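Asker: Below is model_2.cif; it holds mmCIF, C-alpha atoms and all ligand atoms.
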data_data
#
loop_
_atom_site.label_atom_id
_atom_site.label_comp_id
_atom_site.auth_asym_id
_atom_site.auth_seq_id
_atom_site.Cartn_x
_atom_site.Cartn_y
_atom_site.Cartn_z
CA MET A 204 6.94 -28.57 84.62
CA ILE A 205 3.25 -27.70 84.68
CA PHE A 206 1.80 -27.40 81.17
CA ILE A 207 -1.79 -26.23 81.03
CA ALA A 208 -3.46 -25.68 77.66
CA GLY A 209 -6.94 -25.32 76.23
CA PRO A 210 -9.41 -22.73 75.01
CA CYS A 211 -10.09 -19.43 76.70
CA ALA A 212 -13.72 -20.50 77.09
CA ALA A 213 -15.73 -23.69 76.83
CA GLU A 214 -18.03 -22.87 73.90
CA THR A 215 -19.45 -26.21 72.73
CA ARG A 216 -19.06 -29.84 73.79
CA GLU A 217 -17.45 -30.63 70.45
CA GLN A 218 -14.90 -27.80 70.80
CA VAL A 219 -13.96 -28.93 74.33
CA LEU A 220 -13.65 -32.62 73.48
CA SER A 221 -11.79 -32.18 70.18
CA THR A 222 -9.25 -29.85 71.77
CA ALA A 223 -8.79 -32.04 74.86
CA GLU A 224 -8.24 -35.10 72.68
CA ILE A 225 -5.33 -33.51 70.80
CA LEU A 226 -3.75 -32.03 73.94
CA SER A 227 -4.07 -35.20 76.02
CA ASN A 228 -1.99 -37.05 73.43
CA GLY A 229 0.77 -34.45 73.63
CA GLY A 230 2.06 -34.26 77.18
CA VAL A 231 -0.17 -31.50 78.53
CA THR A 232 -0.52 -31.75 82.32
CA MET A 233 -3.94 -30.14 82.58
CA PHE A 234 -6.72 -29.10 80.19
CA ARG A 235 -8.19 -25.64 80.70
CA ALA A 236 -11.49 -24.08 79.61
CA SER A 237 -13.51 -21.38 81.38
CA ALA A 238 -17.16 -22.09 82.04
CA TRP A 239 -17.54 -18.61 83.52
CA LYS A 240 -15.79 -15.58 82.04
CA PRO A 241 -15.76 -12.30 83.96
CA ARG A 242 -15.45 -9.74 81.18
CA THR A 243 -14.33 -6.17 81.41
CA ARG A 244 -17.23 -4.83 79.34
CA ALA A 245 -20.91 -5.70 79.70
CA GLY A 246 -22.38 -7.55 76.76
CA SER A 247 -19.29 -9.68 76.03
CA PHE A 248 -19.57 -13.48 76.04
CA GLU A 249 -19.61 -14.45 79.73
CA GLY A 250 -19.38 -18.21 79.33
CA VAL A 251 -21.79 -21.13 79.04
CA GLY A 252 -21.92 -21.71 82.82
CA GLU A 253 -22.46 -25.05 84.55
CA VAL A 254 -22.79 -27.11 81.37
CA GLY A 255 -19.16 -26.25 80.60
CA LEU A 256 -18.13 -28.20 83.71
CA LYS A 257 -20.02 -31.21 82.39
CA TRP A 258 -18.00 -31.03 79.16
CA LEU A 259 -14.77 -30.77 81.17
CA ALA A 260 -15.82 -33.81 83.21
CA ASP A 261 -16.49 -35.68 79.95
CA ALA A 262 -13.01 -34.73 78.66
CA LYS A 263 -11.47 -35.95 81.91
CA GLU A 264 -13.29 -39.26 81.73
CA ARG A 265 -12.60 -39.90 78.03
CA PHE A 266 -9.00 -38.79 77.80
CA GLY A 267 -7.75 -39.21 81.36
CA ILE A 268 -6.52 -35.61 81.53
CA ARG A 269 -6.79 -33.38 84.62
CA VAL A 270 -9.09 -30.38 84.11
CA ILE A 271 -9.07 -26.79 85.33
CA THR A 272 -11.48 -23.86 85.07
CA GLU A 273 -11.85 -20.32 86.43
CA ILE A 274 -13.85 -19.55 89.59
CA ASP A 275 -15.29 -16.13 90.33
CA CYS A 276 -17.62 -16.59 93.32
CA ALA A 277 -18.05 -19.08 96.15
CA SER A 278 -21.09 -20.76 94.55
CA ASN A 279 -18.85 -21.90 91.66
CA VAL A 280 -16.81 -24.03 94.06
CA GLU A 281 -19.68 -26.36 94.99
CA LEU A 282 -20.20 -27.08 91.29
CA LEU A 283 -16.50 -27.92 90.83
CA THR A 284 -16.92 -30.63 93.43
CA LYS A 285 -20.16 -31.84 91.80
CA TYR A 286 -18.38 -32.43 88.47
CA GLY A 287 -15.05 -33.63 89.86
CA ILE A 288 -13.02 -30.71 88.46
CA ASP A 289 -9.41 -31.12 89.61
CA ALA A 290 -8.21 -27.53 89.77
CA CYS A 291 -9.24 -23.91 89.38
CA TRP A 292 -7.72 -20.52 88.86
CA ILE A 293 -8.69 -17.17 90.34
CA GLY A 294 -8.58 -14.62 87.52
CA ALA A 295 -6.91 -11.22 87.37
CA ARG A 296 -10.20 -9.36 87.84
CA THR A 297 -10.91 -11.35 91.01
CA SER A 298 -7.50 -11.73 92.66
CA CYS A 299 -7.50 -7.95 93.25
CA SER A 300 -10.52 -8.21 95.59
CA PRO A 301 -9.53 -9.34 99.11
CA PHE A 302 -13.03 -10.12 100.43
CA THR A 303 -13.88 -12.12 97.33
CA VAL A 304 -10.61 -14.03 97.60
CA SER A 305 -11.36 -14.79 101.27
CA GLU A 306 -14.82 -16.10 100.34
CA LEU A 307 -13.31 -18.29 97.64
CA ALA A 308 -10.65 -19.51 100.07
CA SER A 309 -13.26 -20.55 102.66
CA ALA A 310 -15.29 -22.30 99.97
CA LEU A 311 -12.20 -24.16 98.69
CA SER A 312 -10.96 -25.22 102.11
CA GLY A 313 -10.86 -28.99 102.55
CA ARG A 314 -12.03 -29.86 99.02
CA GLY A 315 -8.72 -31.06 97.59
CA ILE A 316 -8.99 -28.77 94.56
CA GLU A 317 -5.64 -27.39 93.37
CA VAL A 318 -5.67 -23.59 93.05
CA PHE A 319 -3.81 -21.19 90.75
CA VAL A 320 -3.83 -17.46 91.51
CA LYS A 321 -3.33 -15.07 88.62
CA ASN A 322 -1.69 -11.75 89.33
CA PRO A 323 -4.22 -8.94 89.82
CA VAL A 324 -4.72 -6.58 86.87
CA CYS A 325 -2.86 -3.81 88.71
CA ALA A 326 0.90 -3.98 89.29
CA ASP A 327 0.80 -4.49 93.06
CA PRO A 328 2.91 -7.43 94.26
CA ALA A 329 1.44 -7.24 97.80
CA LEU A 330 -2.12 -7.74 96.51
CA TRP A 331 -1.03 -10.88 94.63
CA ILE A 332 0.94 -12.25 97.58
CA GLY A 333 -1.96 -11.36 99.88
CA ALA A 334 -4.39 -13.38 97.77
CA VAL A 335 -2.17 -16.46 98.10
CA GLU A 336 -1.82 -15.83 101.84
CA ARG A 337 -5.61 -15.79 102.22
CA LEU A 338 -5.79 -19.25 100.66
CA PHE A 339 -3.12 -20.56 103.03
CA VAL A 340 -4.84 -18.97 106.03
CA ALA A 341 -8.03 -20.83 105.05
CA GLY A 342 -6.09 -24.10 104.94
CA VAL A 343 -5.90 -24.52 101.16
CA GLU A 344 -2.60 -26.31 100.61
CA ALA A 345 -2.02 -26.79 96.86
CA VAL A 346 -1.57 -23.21 95.67
CA ASN A 347 0.30 -21.95 92.58
CA ALA A 348 0.76 -18.52 91.00
CA ILE A 349 0.26 -17.42 87.40
CA HIS A 350 1.94 -14.36 85.88
CA ARG A 351 -0.44 -13.08 83.18
CA GLY A 352 0.88 -9.53 82.85
CA PHE A 353 -0.42 -6.22 84.17
CA VAL A 354 -2.73 -3.60 82.68
CA GLN A 355 -0.74 -0.46 81.93
CA TRP A 356 -2.38 2.62 80.55
CA GLY A 357 -0.47 4.53 77.87
CA SER A 358 2.25 1.92 77.48
CA SER A 359 3.90 1.75 74.07
CA SER A 360 4.50 -1.96 74.62
CA GLN A 361 3.54 -4.42 71.93
CA TYR A 362 1.94 -6.61 74.59
CA ARG A 363 -1.70 -6.63 75.71
CA ASN A 364 -0.63 -6.89 79.36
CA GLU A 365 2.84 -5.87 80.41
CA PRO A 366 4.99 -8.67 81.82
CA ILE A 367 6.73 -7.28 84.93
CA TRP A 368 9.45 -9.77 85.77
CA ASP A 369 10.54 -7.76 88.83
CA ILE A 370 7.14 -8.38 90.41
CA VAL A 371 7.47 -12.08 89.62
CA ASP A 372 10.83 -12.04 91.39
CA ILE A 373 9.38 -10.22 94.43
CA PHE A 374 6.62 -12.80 94.63
CA ARG A 375 9.07 -15.66 94.40
CA SER A 376 11.40 -14.26 97.02
CA GLU A 377 8.49 -13.95 99.48
CA MET A 378 6.87 -17.25 98.55
CA PRO A 379 9.66 -19.49 97.27
CA ASP A 380 7.63 -22.69 97.73
CA VAL A 381 4.72 -21.55 95.55
CA PRO A 382 5.18 -22.75 91.96
CA MET A 383 5.11 -19.84 89.49
CA ILE A 384 3.87 -20.43 85.96
CA CYS A 385 3.44 -17.97 83.10
CA ASP A 386 0.39 -17.31 80.93
CA PRO A 387 2.04 -15.94 77.78
CA SER A 388 -1.32 -15.79 75.97
CA HIS A 389 -2.79 -13.02 78.13
CA ILE A 390 0.53 -11.19 78.23
CA ALA A 391 1.02 -11.29 74.46
CA GLY A 392 -2.54 -10.70 73.31
CA ARG A 393 -1.45 -11.84 69.83
CA ALA A 394 -0.81 -15.41 68.74
CA ASP A 395 2.42 -14.50 66.95
CA LEU A 396 4.00 -13.15 70.17
CA VAL A 397 3.07 -16.02 72.49
CA ALA A 398 6.14 -18.18 71.87
CA ASP A 399 8.52 -15.30 72.53
CA VAL A 400 6.91 -14.52 75.90
CA ALA A 401 6.84 -18.23 76.81
CA ARG A 402 10.56 -18.47 76.10
CA GLN A 403 11.32 -15.41 78.24
CA ALA A 404 9.35 -16.90 81.13
CA ILE A 405 11.08 -20.28 80.94
CA ASP A 406 14.49 -18.61 80.68
CA ARG A 407 13.62 -16.70 83.87
CA GLY A 408 12.83 -19.89 85.74
CA ALA A 409 9.06 -20.33 85.33
CA ASP A 410 7.74 -23.66 86.62
CA GLY A 411 5.39 -24.05 83.68
CA LEU A 412 2.99 -22.40 81.25
CA MET A 413 -0.72 -21.88 80.68
CA VAL A 414 -1.42 -21.43 76.97
CA GLU A 415 -4.72 -20.74 75.21
CA CYS A 416 -5.66 -22.70 72.09
CA HIS A 417 -8.81 -23.23 70.04
CA PRO A 418 -9.62 -25.48 67.06
CA ASN A 419 -10.58 -22.38 65.06
CA PRO A 420 -8.92 -19.40 66.79
CA ALA A 421 -10.46 -16.78 64.51
CA ALA A 422 -13.95 -17.92 65.51
CA ALA A 423 -13.29 -17.98 69.27
CA LYS A 424 -15.92 -16.18 71.36
CA SER A 425 -13.27 -14.65 73.60
CA ASP A 426 -9.59 -13.78 73.18
CA ALA A 427 -9.58 -14.80 69.49
CA ALA A 428 -6.42 -12.86 68.60
CA GLN A 429 -4.19 -14.66 71.10
CA GLN A 430 -5.28 -18.28 70.77
CA LEU A 431 -3.04 -20.83 69.04
CA THR A 432 -4.29 -23.99 67.39
CA PRO A 433 -4.03 -27.06 69.66
CA HIS A 434 -1.19 -28.41 67.48
CA ALA A 435 0.70 -25.12 67.72
CA ALA A 436 0.28 -25.19 71.50
CA LEU A 437 1.84 -28.66 71.62
CA GLN A 438 4.72 -27.50 69.41
CA LEU A 439 5.31 -24.60 71.76
CA LEU A 440 5.37 -26.86 74.82
CA ASN A 441 7.84 -29.19 73.11
CA TRP A 442 10.01 -26.27 72.07
CA VAL A 443 10.31 -24.84 75.57
CA SER A 444 10.75 -28.13 77.40
C1 LIG B 501 -8.36 -16.43 81.12
O1 LIG B 501 -7.46 -17.16 81.56
O2 LIG B 501 -8.99 -16.69 80.09
C2 LIG B 501 -8.63 -15.14 81.79
C3 LIG B 501 -9.75 -14.49 81.68
O3 LIG B 501 -7.61 -14.73 82.48
P1 LIG B 501 -7.24 -13.35 83.20
O4 LIG B 501 -7.95 -13.41 84.49
O5 LIG B 501 -5.78 -13.46 83.29
O6 LIG B 501 -7.70 -12.23 82.30
MN MN B 502 -8.62 -15.79 77.88
#
Can you turn what I pasted into structure tokens?
Ligand code: PEP
Ligand code: MN

Answerer:
Amino acid sequence: MIFIAGPCAAETREQVLSTAEILSNGGVTMFRASAWKPRTRAGSFEGVGEVGLKWLADAKERFGIRVITEIDCASNVELLTKYGIDACWIGARTSCSPFTVSELASALSGRGIEVFVKNPVCADPALWIGAVERLFVAGVEAVNAIHRGFVQWGSSSQYRNEPIWDIVDIFRSEMPDVPMICDPSHIAGRADLVADVARQAIDRGADGLMVECHPNPAAAKSDAAQQLTPHAALQLLNWVS
């Protein structure tokens, strides 16, 4: 199983290191934190940038944990190599853009960085599958998928982003060799619903989870409502495994 956990965003060195320390002692496969955050609305916190990669590299060196961050444009990829970042994900606002995905794929080719592709915000299985295909076409070999739910206008669902398990199944039937993990944090949108979504995903055969956690969730600069504490994230991973 792939268990990725960490804050939505790298905010301070202390926040990154204190969270990574707890998670590295608890069986987490990879530590996540976004240095760059593409936000829906202008004026939201868009990340600390390059210095966040330095903090991730420090966490990797101190605690021996693999580290992952989000990439949004080809120039990010060079910096991942500079700081020895092990893996990256392509977010839901980027995976829906074929030319951008192709640029990222060319930049990633031959670097040995593991890649995770989140489903696009819109409920189009072909666009998600196509993004993964573009990585393969460029010669990127270690590619995984992340189901993080889909934006649905007017839905009466309790979730922030609707999980559409049929789309997950379509993806898996077309790409059976691509590991599929679930991000219950962005589906749920609320900390108290994360465990329930994680359980549903595991029961439906997910190959792992990506869970957001923060030392002080209420004070998080992004996605405050859905972040667990690091200890709660570890409890969740133990519960599902
Ligand atoms: C995230 O993982 O914090 C994130 C922004 O993800 P998504 O692209 O799924 O919104
Ligand atoms: Mn987030």

Asker: Which one of A:Phe302, A:Phe266, A:Trp258, A:Trp292 sits closest to ligand LIG 501 (chain B) if you count only C-alpha atoms and all ligand atoms?

Answerer: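 Once distances to ligand LIG 501 (chain B) are computed over only C-alpha atoms and all ligand atoms, the minimum belongs to A:Trp292.
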
Asker: Name each residue within 6 Å of ligand LIG 501 (chain B), counting only C-alpha atoms and all ligand atoms, as a ChimeraX atom specification.

Answerer: /A:211,294-296,351,389

Asker: Please write the residues from the selection above to a file, keeping C-alpha atoms, as a PDB file, in the coordinates of the input.

Answerer:
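Generated output (out_11.pdb):
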ATOM      1  CA  CYS A 211     -10.090 -19.430  76.700  1.00  0.00           C
ATOM      2  CA  GLY A 294      -8.580 -14.620  87.520  1.00  0.00           C
ATOM      3  CA  ALA A 295      -6.910 -11.220  87.370  1.00  0.00           C
ATOM      4  CA  ARG A 296     -10.200  -9.360  87.840  1.00  0.00           C
ATOM      5  CA  ARG A 351      -0.440 -13.080  83.180  1.00  0.00           C
ATOM      6  CA  HIS A 389      -2.790 -13.020  78.130  1.00  0.00           C
TER       7      HIS A 389
END

Asker: Between A:Asn364, A:Asn322, A:Ser309, A:Ser359, which residue has the minimum interatomic distance to Gly342 in chain A, considering only C-alpha atoms?

Answerer: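 Nearest candidate to Gly342 in chain A out of A:Asn364, A:Asn322, A:Ser309, A:Ser359: A:Ser309.
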
Asker: Out of A:Phe339, A:Tyr286, A:Trp239, A:Trp356, which residue has the shortest atom-to-atom distance to Asp261 in chain A when counting all atoms listed in the file?

Answerer: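 Smallest separation from Asp261 in chain A among the options: A:Tyr286.
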
Asker: Could the residues that lie within 9 Å of ligand MN 502 (chain B), counting all atoms listed in the file, be listed as a list in words?

Answerer: Pro210, Cys211, Ala212, Ala236, Ser237, Lys240, Ser388, His389, Glu415, Ser425, Asp426, Ala427, Gln429 and Gln430 of chain A

Asker: For a quick check of understanding, using all atoms listed in the file, which of A:Thr297, A:Arg337, A:Asp327, A:Ile384 has the smallest distance to Val354 in chain A?

Answerer: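 Nearest to Val354 in chain A: A:Asp327.
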
Asker: Check the smallest atom-to-atom distance from each of A:Val381, A:Ala334, A:Ala290, A:Ile367 to Val270 in chain A using all atoms listed in the file, then report the winner.

Answerer: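 Distance minimum relative to Val270 in chain A lands on A:Ala290.
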
Asker: Quote the spacing between CA of Leu431 in chain A and CA of His417 in chain A in Å to one decimal place.

Answerer: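 So the answer is 6.3 Å.
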